[in-house]
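Content type mmCIF, C-alpha atoms, from the file data16.cif:
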```cif
data_structure
loop_
_atom_site.group_PDB
_atom_site.id
_atom_site.type_symbol
_atom_site.label_atom_id
_atom_site.label_comp_id
_atom_site.auth_asym_id
_atom_site.auth_seq_id
_atom_site.Cartn_x
_atom_site.Cartn_y
_atom_site.Cartn_z
ATOM 1 C CA MET A 1 122.802 108.823 100.820
ATOM 2 C CA ARG A 2 120.908 109.120 97.505
ATOM 3 C CA GLU A 3 122.673 106.016 96.146
ATOM 4 C CA MET A 4 121.660 104.024 99.237
ATOM 5 C CA GLN A 5 118.075 105.180 98.878
ATOM 6 C CA GLN A 6 118.083 104.255 95.186
ATOM 7 C CA ALA A 7 119.439 100.782 95.924
ATOM 8 C CA LEU A 8 116.791 100.277 98.601
ATOM 9 C CA ALA A 9 114.003 101.384 96.251
ATOM 10 C CA ASP A 10 115.326 99.093 93.509
ATOM 11 C CA ARG A 11 115.272 96.086 95.861
ATOM 12 C CA ALA A 12 111.753 96.867 97.046
ATOM 13 C CA ALA A 13 110.536 97.293 93.443
ATOM 14 C CA PHE A 14 112.235 94.027 92.442
ATOM 15 C CA PHE A 15 110.508 92.100 95.231
ATOM 16 C CA LEU A 16 107.146 93.640 94.370
ATOM 17 C CA GLN A 17 107.442 92.932 90.646
ATOM 18 C CA ASN A 18 108.496 89.342 91.329
ATOM 19 C CA HIS A 19 105.275 88.906 93.291
ATOM 20 C CA GLY A 20 103.075 90.119 90.463
ATOM 21 C CA TYR A 21 102.709 93.797 91.288
ATOM 22 C CA LEU A 22 102.536 96.648 88.826
ATOM 23 C CA VAL A 23 105.087 99.123 90.230
ATOM 24 C CA GLU A 24 105.484 102.834 89.512
ATOM 25 C CA ASN A 25 108.603 104.619 90.777
ATOM 26 C CA PHE A 26 108.614 108.280 91.871
ATOM 27 C CA LEU A 27 111.844 108.239 93.861
ATOM 28 C CA ASN A 28 113.451 111.361 92.397
ATOM 29 C CA ALA A 29 110.324 113.507 92.418
ATOM 30 C CA ASN A 30 110.297 114.456 96.135
ATOM 31 C CA PHE A 31 106.701 113.330 96.671
ATOM 32 C CA CYS A 32 105.257 111.878 99.880
ATOM 33 C CA PHE A 33 105.546 108.397 98.307
ATOM 34 C CA ASP A 34 108.309 106.837 96.211
ATOM 35 C CA LEU A 35 106.733 103.551 95.062
ATOM 36 C CA VAL A 36 103.141 102.600 94.320
ATOM 37 C CA ALA A 37 102.476 98.904 93.727
ATOM 38 C CA ARG A 38 99.163 97.374 92.737
ATOM 39 C CA SER A 39 97.986 93.791 92.354
ATOM 40 C CA PRO A 40 94.478 92.366 92.015
ATOM 41 C CA LYS A 41 94.279 91.881 95.785
ATOM 42 C CA ARG A 42 95.985 94.968 97.253
ATOM 43 C CA THR A 43 97.623 98.350 96.745
ATOM 44 C CA ILE A 44 100.883 99.196 98.520
ATOM 45 C CA VAL A 45 102.250 102.730 98.904
ATOM 46 C CA ILE A 46 105.864 103.101 100.042
ATOM 47 C CA LYS A 47 108.125 105.918 101.185
ATOM 48 C CA VAL A 48 111.767 104.859 100.885
ATOM 49 C CA LEU A 49 114.254 106.379 103.338
ATOM 50 C CA SER A 50 117.662 105.043 104.290
ATOM 51 C CA ASN A 51 117.141 106.649 107.716
ATOM 52 C CA ILE A 52 113.450 106.425 108.654
ATOM 53 C CA ASP A 53 113.845 109.325 111.098
ATOM 54 C CA ALA A 54 114.011 111.558 108.018
ATOM 55 C CA LEU A 55 110.269 111.149 107.418
ATOM 56 C CA ARG A 56 108.578 114.523 107.869
ATOM 57 C CA GLU A 57 105.219 114.901 109.570
ATOM 58 C CA GLU A 58 103.637 116.626 106.572
ATOM 59 C CA GLN A 59 104.719 113.724 104.344
ATOM 60 C CA ALA A 60 103.240 111.244 106.804
ATOM 61 C CA LEU A 61 99.910 113.097 106.851
ATOM 62 C CA ASP A 62 99.652 112.952 103.058
ATOM 63 C CA LEU A 63 100.723 109.290 103.064
ATOM 64 C CA GLU A 64 98.022 108.429 105.578
ATOM 65 C CA LYS A 65 95.397 110.227 103.514
ATOM 66 C CA VAL A 66 96.466 108.342 100.359
ATOM 67 C CA GLY A 67 96.160 105.085 102.290
ATOM 68 C CA LYS A 68 92.657 105.947 103.459
ATOM 69 C CA LEU A 69 91.422 107.129 100.062
ATOM 70 C CA PHE A 70 92.565 103.983 98.272
ATOM 71 C CA GLY A 71 92.309 101.439 101.106
ATOM 72 C CA ALA A 72 96.029 100.783 100.703
ATOM 73 C CA TYR A 73 98.854 99.413 102.790
ATOM 74 C CA VAL A 74 101.317 102.226 103.549
ATOM 75 C CA PHE A 75 104.900 101.478 104.567
ATOM 76 C CA VAL A 76 108.037 103.441 105.297
ATOM 77 C CA VAL A 77 110.809 101.156 104.056
ATOM 78 C CA GLY A 78 114.287 101.886 105.383
ATOM 79 C CA GLU A 79 117.544 100.560 106.734
ATOM 80 C CA ARG A 80 118.045 102.290 110.069
ATOM 81 C CA THR A 81 117.183 105.036 112.515
ATOM 82 C CA LYS A 82 119.699 107.510 113.902
ATOM 83 C CA ALA A 83 120.500 104.999 116.637
ATOM 84 C CA PHE A 84 120.204 101.475 115.224
ATOM 85 C CA SER A 85 119.555 99.288 112.177
ATOM 86 C CA LEU A 86 116.074 97.970 111.414
ATOM 87 C CA GLN A 87 115.724 94.260 112.131
ATOM 88 C CA LYS A 88 113.961 91.745 109.911
ATOM 89 C CA GLY A 89 110.559 90.710 111.210
ATOM 90 C CA ILE A 90 110.073 93.765 113.441
ATOM 91 C CA VAL A 91 107.652 96.618 112.743
ATOM 92 C CA TYR A 92 108.752 100.082 113.825
ATOM 93 C CA GLU A 93 106.614 103.213 113.695
ATOM 94 C CA ARG A 94 106.939 106.754 112.404
ATOM 95 C CA TYR A 95 104.003 109.142 112.818
ATOM 96 C CA SER A 96 101.681 106.139 113.284
ATOM 97 C CA LEU A 97 102.856 104.563 109.996
ATOM 98 C CA PRO A 98 104.550 101.134 109.975
ATOM 99 C CA ALA A 99 108.260 101.341 109.205
ATOM 100 C CA ILE A 100 110.009 98.149 108.097
ATOM 101 C CA SER A 101 113.168 96.847 106.485
ATOM 102 C CA VAL A 102 113.090 95.710 102.864
ATOM 103 C CA GLU A 103 113.587 92.124 104.081
ATOM 104 C CA THR A 104 110.446 92.468 106.212
ATOM 105 C CA LEU A 105 108.604 93.736 103.136
ATOM 106 C CA LEU A 106 109.634 90.542 101.332
ATOM 107 C CA ASP A 107 108.312 88.445 104.214
ATOM 108 C CA PHE A 108 104.981 90.261 103.976
ATOM 109 C CA LEU A 109 104.781 89.639 100.218
ATOM 110 C CA GLU A 110 105.396 85.948 100.899
ATOM 111 C CA ASP A 111 102.443 85.852 103.331
ATOM 112 C CA ASN A 112 104.717 85.820 106.353
ATOM 113 C CA ALA A 113 103.668 89.169 107.812
ATOM 114 C CA PRO A 114 105.579 90.300 110.927
ATOM 115 C CA PHE A 115 103.832 90.235 114.294
ATOM 116 C CA VAL A 116 106.579 91.786 116.453
ATOM 117 C CA LYS A 117 106.455 95.529 117.162
ATOM 118 C CA TYR A 118 109.190 97.826 118.389
ATOM 119 C CA PHE A 119 107.971 99.931 121.308
ATOM 120 C CA LYS A 120 110.056 102.109 123.620
ATOM 121 C CA GLY A 121 113.255 100.206 122.973
ATOM 122 C CA ARG A 122 111.714 96.730 123.237
ATOM 123 C CA SER A 123 110.408 94.096 120.836
ATOM 124 C CA VAL A 124 106.851 93.344 121.952
ATOM 125 C CA VAL A 125 104.094 90.922 120.934
ATOM 126 C CA ASP A 126 100.439 90.394 121.783
ATOM 127 C CA LEU A 127 99.579 87.392 123.943
ATOM 128 C CA ASP A 128 96.545 85.137 123.991
ATOM 129 C CA HIS A 129 95.760 86.168 127.557
ATOM 130 C CA ASP A 130 92.824 83.766 127.930
ATOM 131 C CA SER A 131 95.008 80.823 126.921
ATOM 132 C CA LEU A 132 97.753 82.011 129.251
ATOM 133 C CA LYS A 133 95.436 82.113 132.261
ATOM 134 C CA GLU A 134 93.819 78.818 131.311
ATOM 135 C CA ALA A 135 97.242 77.127 131.141
ATOM 136 C CA ARG A 136 98.222 78.406 134.573
ATOM 137 C CA VAL A 137 94.926 77.494 136.247
ATOM 138 C CA SER A 138 94.841 74.021 134.645
ATOM 139 C CA MET A 139 98.257 73.304 136.192
ATOM 140 C CA GLY A 140 97.046 74.478 139.610
ATOM 141 C CA LEU A 141 99.654 77.237 139.801
ATOM 142 C CA SER A 142 99.329 80.690 141.308
ATOM 143 C CA LEU A 143 100.603 83.864 139.691
ATOM 144 C CA GLN A 144 103.502 83.834 142.133
ATOM 145 C CA ASP A 145 104.348 80.197 141.285
ATOM 146 C CA VAL A 146 104.629 80.908 137.560
ATOM 147 C CA ALA A 147 106.373 84.239 138.047
ATOM 148 C CA GLU A 148 109.149 82.608 140.043
ATOM 149 C CA LYS A 149 109.636 79.796 137.521
ATOM 150 C CA VAL A 150 109.959 82.094 134.480
ATOM 151 C CA SER A 151 111.780 84.995 136.178
ATOM 152 C CA LEU A 152 108.917 87.470 136.029
ATOM 153 C CA THR A 153 107.141 89.536 138.640
ATOM 154 C CA LYS A 154 103.660 88.536 139.742
ATOM 155 C CA GLU A 155 102.450 91.979 138.665
ATOM 156 C CA SER A 156 103.804 91.533 135.139
ATOM 157 C CA LEU A 157 102.148 88.154 134.782
ATOM 158 C CA HIS A 158 98.849 89.608 136.009
ATOM 159 C CA ARG A 159 99.093 92.339 133.347
ATOM 160 C CA PHE A 160 99.746 89.733 130.647
ATOM 161 C CA GLU A 161 96.673 87.752 131.703
ATOM 162 C CA SER A 162 94.665 90.997 131.666
ATOM 163 C CA GLY A 163 95.566 91.763 128.052
ATOM 164 C CA SER A 164 98.857 93.702 128.111
ATOM 165 C CA ASN A 165 101.489 92.874 125.516
ATOM 166 C CA ALA A 166 104.819 91.333 126.482
ATOM 167 C CA THR A 167 108.398 91.505 125.315
ATOM 168 C CA LEU A 168 109.279 88.826 122.807
ATOM 169 C CA ASP A 169 111.735 87.241 125.272
ATOM 170 C CA ASN A 170 109.142 87.029 128.062
ATOM 171 C CA ALA A 171 106.540 85.633 125.669
ATOM 172 C CA LYS A 172 108.919 82.910 124.492
ATOM 173 C CA ARG A 173 109.753 81.942 128.078
ATOM 174 C CA LEU A 174 106.049 81.586 128.853
ATOM 175 C CA GLU A 175 105.490 79.479 125.720
ATOM 176 C CA GLU A 176 108.391 77.219 126.672
ATOM 177 C CA PHE A 177 107.171 76.818 130.243
ATOM 178 C CA PHE A 178 103.543 76.044 129.359
ATOM 179 C CA ARG A 179 104.467 74.156 126.162
ATOM 180 C CA ARG A 180 101.768 75.866 124.128
ATOM 181 C CA ASP A 181 101.504 78.728 121.620
ATOM 182 C CA LEU A 182 100.698 81.954 123.426
ATOM 183 C CA ILE A 183 101.972 84.618 121.004
ATOM 184 C CA VAL A 184 99.253 86.052 118.798
ATOM 185 C CA ARG A 185 100.839 85.790 115.369
ATOM 186 C CA LYS A 186 98.597 88.227 113.536
ATOM 187 C CA PRO A 187 100.139 90.955 111.315
ATOM 188 C CA ALA A 188 101.353 94.012 113.204
ATOM 189 C CA PHE A 189 99.802 96.256 110.539
ATOM 190 C CA SER A 190 96.811 96.294 108.232
ATOM 191 C CA PRO A 191 95.613 98.247 105.205
ATOM 192 C CA PHE A 192 93.882 101.526 105.867
ATOM 193 C CA ARG A 193 90.121 101.390 105.919
ATOM 194 C CA LYS A 194 88.813 103.236 102.896
ATOM 195 C CA GLU A 195 87.478 106.700 103.678
ATOM 196 C CA ARG A 196 86.229 109.726 101.770
ATOM 197 C CA PHE A 197 87.359 113.290 102.435
ATOM 198 C CA ASP A 198 86.171 116.793 101.742
ATOM 199 C CA ASP A 199 88.964 119.188 102.700
ATOM 200 C CA ASN A 200 89.051 122.939 102.860
ATOM 201 C CA ILE A 201 89.801 124.217 99.343
ATOM 202 C CA GLU A 202 91.025 127.703 98.368
ATOM 203 C CA ASP A 203 92.004 127.156 94.721
ATOM 204 C CA HIS A 204 89.388 128.591 92.336
ATOM 205 C CA SER A 205 89.392 125.658 89.889
ATOM 206 C CA LEU A 206 89.102 123.127 92.684
ATOM 207 C CA LYS A 207 86.220 125.103 94.189
ATOM 208 C CA LYS A 208 84.482 124.856 90.826
ATOM 209 C CA ILE A 209 85.000 121.087 90.732
ATOM 210 C CA ARG A 210 83.585 120.799 94.233
ATOM 211 C CA SER A 211 80.540 122.829 93.160
ATOM 212 C CA LEU A 212 79.863 120.146 90.536
ATOM 213 C CA GLY A 213 79.210 117.699 93.364
ATOM 214 C CA MET A 214 82.624 116.101 93.882
ATOM 215 C CA LEU A 215 84.343 115.517 97.244
ATOM 216 C CA LEU A 216 87.959 116.680 97.235
ATOM 217 C CA ALA A 217 90.939 115.569 99.305
ATOM 218 C CA ARG A 218 93.766 118.109 99.116
ATOM 219 C CA PHE A 219 97.501 117.236 99.010
ATOM 220 C CA ASP A 220 100.700 119.227 99.386
ATOM 221 C CA HIS A 221 103.331 116.533 98.741
ATOM 222 C CA ALA A 222 101.915 114.377 95.941
ATOM 223 C CA PRO A 223 101.916 114.414 92.113
ATOM 224 C CA PHE A 224 98.328 115.665 92.350
ATOM 225 C CA ARG A 225 96.876 118.697 94.075
ATOM 226 C CA ALA A 226 93.655 116.888 94.932
ATOM 227 C CA VAL A 227 91.840 113.586 94.620
ATOM 228 C CA GLY A 228 88.227 113.930 93.553
ATOM 229 C CA GLU A 229 85.562 111.370 94.354
ATOM 230 C CA PRO A 230 82.265 111.715 92.494
ATOM 231 C CA SER A 231 79.183 109.836 93.589
ATOM 232 C CA GLU A 232 79.723 107.302 90.819
ATOM 233 C CA LYS A 233 82.444 104.667 90.947
ATOM 234 C CA GLY A 234 85.990 105.866 90.400
ATOM 235 C CA SER A 235 88.361 108.615 91.502
ATOM 236 C CA MET A 236 90.092 111.508 89.770
ATOM 237 C CA LEU A 237 93.637 112.759 90.329
ATOM 238 C CA ILE A 238 93.718 116.504 89.744
ATOM 239 C CA ALA A 239 96.650 118.843 89.130
ATOM 240 C CA HIS A 240 96.978 122.428 87.906
ATOM 241 C CA ALA A 241 99.532 123.760 85.422
ATOM 242 C CA THR A 242 100.322 127.375 84.506
ATOM 243 C CA SER A 243 102.972 126.916 81.786
ATOM 244 C CA ARG A 244 103.758 124.537 78.949
ATOM 245 C CA PRO A 245 106.859 122.991 80.631
ATOM 246 C CA GLU A 246 104.894 122.536 83.857
ATOM 247 C CA LEU A 247 102.043 120.961 81.895
ATOM 248 C CA GLN A 248 104.379 118.390 80.347
ATOM 249 C CA ARG A 249 106.105 117.626 83.644
ATOM 250 C CA LYS A 250 102.861 117.168 85.540
ATOM 251 C CA ALA A 251 101.339 115.067 82.767
ATOM 252 C CA THR A 252 104.242 112.626 83.004
ATOM 253 C CA ALA A 253 103.930 112.269 86.783
ATOM 254 C CA LEU A 254 100.130 112.231 86.800
ATOM 255 C CA GLY A 255 99.939 109.613 84.064
ATOM 256 C CA LYS A 256 102.106 107.247 86.097
ATOM 257 C CA THR A 257 100.104 107.956 89.221
ATOM 258 C CA GLY A 258 96.777 107.390 87.506
ATOM 259 C CA HIS A 259 98.034 104.055 86.214
ATOM 260 C CA ALA A 260 99.293 103.086 89.663
ATOM 261 C CA PHE A 261 96.043 103.919 91.451
ATOM 262 C CA ASP A 262 93.716 102.944 88.595
ATOM 263 C CA SER A 263 92.302 106.485 88.614
ATOM 264 C CA ASP A 264 91.509 109.129 86.008
ATOM 265 C CA PRO A 265 94.178 111.874 85.813
ATOM 266 C CA LEU A 266 93.207 115.462 85.013
ATOM 267 C CA ILE A 267 95.211 118.653 84.584
ATOM 268 C CA ILE A 268 93.484 122.034 84.715
ATOM 269 C CA ALA A 269 95.273 124.633 82.569
ATOM 270 C CA HIS A 270 94.608 128.243 81.572
ATOM 271 C CA GLN A 271 94.493 128.040 77.782
ATOM 272 C CA PRO A 272 95.759 124.592 76.786
ATOM 273 C CA LYS A 273 96.467 123.902 73.118
ATOM 274 C CA ARG A 274 96.196 120.157 73.593
ATOM 275 C CA LYS A 275 93.365 118.156 75.126
ATOM 276 C CA THR A 276 95.488 115.159 76.063
ATOM 277 C CA ILE A 277 99.162 114.745 76.980
ATOM 278 C CA GLU A 278 100.612 111.270 77.536
ATOM 279 C CA GLY A 279 97.156 109.871 78.201
ATOM 280 C CA VAL A 280 96.285 112.606 80.690
ATOM 281 C CA ALA A 281 93.199 114.708 80.014
ATOM 282 C CA VAL A 282 93.746 118.461 79.935
ATOM 283 C CA VAL A 283 90.773 120.752 80.550
ATOM 284 C CA GLY A 284 90.842 124.517 80.187
ATOM 285 C CA GLU A 285 89.626 126.779 82.944
ATOM 286 C CA ARG A 286 86.884 128.176 80.681
ATOM 287 C CA GLU A 287 85.751 124.669 79.741
ATOM 288 C CA LEU A 288 85.522 123.813 83.389
ATOM 289 C CA GLU A 289 83.288 126.814 84.096
ATOM 290 C CA GLU A 290 80.786 125.595 81.484
ATOM 291 C CA LEU A 291 80.220 122.238 83.191
ATOM 292 C CA GLY A 292 77.236 121.715 85.482
ATOM 293 C CA LYS A 293 77.706 118.275 87.075
ATOM 294 C CA ALA A 294 80.521 116.040 88.250
ATOM 295 C CA LYS A 295 79.493 113.282 85.841
ATOM 296 C CA GLU A 296 79.986 115.700 82.920
ATOM 297 C CA LEU A 297 83.572 116.326 83.997
ATOM 298 C CA MET A 298 84.186 112.608 84.517
ATOM 299 C CA ARG A 299 82.789 111.829 81.074
ATOM 300 C CA LEU A 300 84.946 114.532 79.459
ATOM 301 C CA VAL A 301 88.103 113.276 81.169
ATOM 302 C CA ARG A 302 87.478 109.659 80.196
ATOM 303 C CA GLU A 303 86.644 110.534 76.593
ATOM 304 C CA ARG A 304 89.899 112.419 76.190
ATOM 305 C CA LYS A 305 91.882 109.659 77.853
ATOM 306 C CA ASP A 306 90.301 106.998 75.611
ATOM 307 C CA LYS A 307 91.067 108.990 72.432
ATOM 308 C CA ASN A 308 94.773 109.108 73.217
#
```
For the structure just supplied, provide its representation as structure tokens.
Amino acid sequence: MREMQQALADRAAFFLQNHGYLVENFLNANFCFDLVARSPKRTIVIKVLSNIDALREEQALDLEKVGKLFGAYVFVVGERTKAFSLQKGIVYERYSLPAISVETLLDFLEDNAPFVKYFKGRSVVDLDHDSLKEARVSMGLSLQDVAEKVSLTKESLHRFESGSNATLDNAKRLEEFFRRDLIVRKPAFSPFRKERFDDNIEDHSLKKIRSLGMLLARFDHAPFRAVGEPSEKGSMLIAHATSRPELQRKATALGKTGHAFDSDPLIIAHQPKRKTIEGVAVVGERELEELGKAKELMRLVRERKDKN
């Protein structure tokens, strides 16, 4: 299973890199995301699962929050469910997140985004209902006339003209009959709209950072414990370490994450002997207590990062 997941992640990373994305890989870290890819025009966050049914709700909640904080596309990329294989060009769903095959990801990168959704065992599409009704009326046909010619019920056709989606097969039959494009070929997913969060915080150091005037989004399944958003431009990825080995491990993961999201990484430690590790700023708990404003913390973090 792990080998299949690794192969899937490698293919996704290869496609992304070939399309000009900076890609960071977190596959073996058990985070809510496995790949983060960034280009000048978009950020993509991916959870890789051979079986997409393995996605846990708590992972999905953190993934959604990452998408909203960074205005990113979020995908679950997999090969199958418990019951069937994922098909190219079809968008499935897990906990409201789009789930796609790696081939569908490639289509998206090549500006051929899928428009077919999988819903309750059927492949469905949106129809241009105004064009559908206009075509029928212009030919002088009733709902019953068309329904009989394309093997549909009158009620189904009425729903389509009123805005309901249709199965891909039914939509194609209607297009063939009326000899016009009726399927709305817009992407079946979109990037998350950027939002800011201020979650409930219990950690003492994070409470201090909030008191400086910084909004904090908390995470349970990410390389960071929180994402801080000061009033000025930029974001901060914040972790906490209690031992030297943990400090090194978190610095490695947080440095990659900061690079991927173009954000400033910060580790809060008890009595750190170093101020920077692998380009990640380290701030002691006592230092943190002496700060009075969020911009002071941001300045300190950036100074230490720049001196690396």
Inset, instruction - Convert the output of the PyMOL selection byres ((chain A and resi 93) around 12) on the shown file into explicit residues, formatted as a PyMOL selection string. - result: chain A and resi 52-53+55+60+74-78+81+86+90-92+94-101+116-121+188-189
Inset, instruction - Check what the PyMOL selection byres ((chain A and resi 249-251) around 10) selects in the file above and give those residues as a ChimeraX atom specification. - result: /A:223-224,239-241,243-248,252-257,265-267,276-282
Legend entry - Near-A:Asp198 list (7 Å; all atoms listed in the file; drop same-chain fewer than 4 positions) as a ChimeraX atom specification: /A:215-217
Legend entry - Interatomic distance (Å, one decimal) between atom CA of A:Gly258 and atom CA of A:Val102: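 Going from atom CA of A:Gly258 over to atom CA of A:Val102, I get 25.3 Å.
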Inset, instruction - Would you mind reading off the distance between atom CA of A:Arg180 and atom CA of A:Ala135, one decimal, in Å? - result: 8.4 Å
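Using all atoms listed in the file, the smallest distance between any of A:Arg11, A:Arg159, A:Arg193, A:Arg286 and A:Tyr73 comes from A:Arg193.
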Legend entry - Distance query stretch 67-69 of chain A at most 9 Å, all atoms listed in the file, self and fewer than 4 positions along chain excluded, as number ranges by chain: A: 43-45, 62-63, 73-74, 191-197, 217, 227
Save out the residues we just selected, C-alpha atoms, as a tab-separated table (two decimals), in the frame of the given file.
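out-v1.tsv, written as the output of this step:
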```tsv
chain	number	residue	atom	x	y	z
A	43	THR	CA	97.62	98.35	96.74
A	44	ILE	CA	100.88	99.20	98.52
A	45	VAL	CA	102.25	102.73	98.90
A	62	ASP	CA	99.65	112.95	103.06
A	63	LEU	CA	100.72	109.29	103.06
A	73	TYR	CA	98.85	99.41	102.79
A	74	VAL	CA	101.32	102.23	103.55
A	191	PRO	CA	95.61	98.25	105.20
A	192	PHE	CA	93.88	101.53	105.87
A	193	ARG	CA	90.12	101.39	105.92
A	194	LYS	CA	88.81	103.24	102.90
A	195	GLU	CA	87.48	106.70	103.68
A	196	ARG	CA	86.23	109.73	101.77
A	197	PHE	CA	87.36	113.29	102.44
A	217	ALA	CA	90.94	115.57	99.30
A	227	VAL	CA	91.84	113.59	94.62
```
Legend entry - Residue nearest A:Leu157 among A:Leu212, A:Ile183, A:Leu127, A:Leu288 (counting only C-alpha atoms): A:Leu127
Legend entry - Point-to-point distance in Å for atom CA of A:Leu105 and atom CA of A:Ala54: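 Calculated distance between atom CA of A:Ala54 and atom CA of A:Leu105 is 19.3 Å.
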Inset, instruction - Taking the file as shown, find all residues satisfying the PyMOL selection byres ((chain A and resi 210) around 10) and write them as a ChimeraX atom specification. - result: /A:198,201,204-209,211-216,228-230,293-294
Go ahead and write the residues just picked, C-alpha atoms, as a PDB file, in the frame of the given file.
```
ATOM      1  CA  ASP A 198      86.171 116.793 101.742  1.00  0.00           C
ATOM      2  CA  ILE A 201      89.801 124.217  99.343  1.00  0.00           C
ATOM      3  CA  HIS A 204      89.388 128.591  92.336  1.00  0.00           C
ATOM      4  CA  SER A 205      89.392 125.658  89.889  1.00  0.00           C
ATOM      5  CA  LEU A 206      89.102 123.127  92.684  1.00  0.00           C
ATOM      6  CA  LYS A 207      86.220 125.103  94.189  1.00  0.00           C
ATOM      7  CA  LYS A 208      84.482 124.856  90.826  1.00  0.00           C
ATOM      8  CA  ILE A 209      85.000 121.087  90.732  1.00  0.00           C
ATOM      9  CA  SER A 211      80.540 122.829  93.160  1.00  0.00           C
ATOM     10  CA  LEU A 212      79.863 120.146  90.536  1.00  0.00           C
ATOM     11  CA  GLY A 213      79.210 117.699  93.364  1.00  0.00           C
ATOM     12  CA  MET A 214      82.624 116.101  93.882  1.00  0.00           C
ATOM     13  CA  LEU A 215      84.343 115.517  97.244  1.00  0.00           C
ATOM     14  CA  LEU A 216      87.959 116.680  97.235  1.00  0.00           C
ATOM     15  CA  GLY A 228      88.227 113.930  93.553  1.00  0.00           C
ATOM     16  CA  GLU A 229      85.562 111.370  94.354  1.00  0.00           C
ATOM     17  CA  PRO A 230      82.265 111.715  92.494  1.00  0.00           C
ATOM     18  CA  LYS A 293      77.706 118.275  87.075  1.00  0.00           C
ATOM     19  CA  ALA A 294      80.521 116.040  88.250  1.00  0.00           C
TER      20      ALA A 294
END
```
Legend entry - Shortest interatomic distance to A:Ala9 - which of A:Ser50, A:Ser85, A:Gln144, A:Asn30, counting all atoms listed in the file: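 Nearest to A:Ala9: A:Ser50.
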Legend entry - Counting all atoms listed in the file, the option among A:His221, A:Lys154, A:Lys41, A:Arg185 closest to A:Gly89: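 Ranked by minimum distance to A:Gly89, first place goes to A:Arg185.
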Inset, instruction - Please identify all polymer residues within 7 Å of A:Glu24, counting all atoms listed in the file, omitting same-chain residues fewer than 2 positions from it, and present them as JSON, numbers by chain. - result: {"A": [22, 26, 35, 36, 37, 256, 260]}
As lines of an AutoDock Vina configuration file, please report the centre and edge lengths, rounded to one decimal in Å, of the axis-aligned box that holds all listed atoms of stretch 22-39 of chain A with 8 Å of padding on each of the six sides.
```
center_x = 105.7
center_y = 104.1
center_z = 94.4
size_x = 31.5
size_y = 36.7
size_z = 27.1
```
Inset, instruction - Using only C-alpha atoms, pick whichever of A:Glu57, A:Lys65, A:Lys172, A:Ala269 has the shortest atom-to-atom distance to A:Ala226. - result: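 Going through A:Glu57, A:Lys65, A:Lys172, A:Ala269 one by one, the smallest distance to A:Ala226 is for A:Lys65.
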Inset, instruction - Name the residues, using the chain letters and numbers of the file, that sit within 12 Å of (107.6, 86.3, 133.1) when counting only C-alpha atoms, and give them as an MDAnalysis selection string. - result: chainID A and resid 132 143:161 165:178
Per residue of stretch 80-188 of chain A within 12 Å of stretch 17-21 of chain A, note the shortest atom pair and the distance in Å to one decimal, counting only C-alpha atoms, and order the rows by chain and increasing residue number, as a Markdown table.
```
| residue | atom | partner | partner_atom | distance |
| --- | --- | --- | --- | --- |
| A:Leu105 | CA | A:His19 | CA | 11.5 |
| A:Leu106 | CA | A:His19 | CA | 9.3 |
| A:Asp107 | CA | A:His19 | CA | 11.3 |
| A:Phe108 | CA | A:His19 | CA | 10.8 |
| A:Leu109 | CA | A:His19 | CA | 7.0 |
| A:Glu110 | CA | A:His19 | CA | 8.2 |
| A:Asp111 | CA | A:His19 | CA | 10.9 |
```
Legend entry - Proximity to A:Ser164 - best of A:Asp181, A:Asp126, A:Asp34, A:Asp199, all atoms listed in the file: A:Asp126
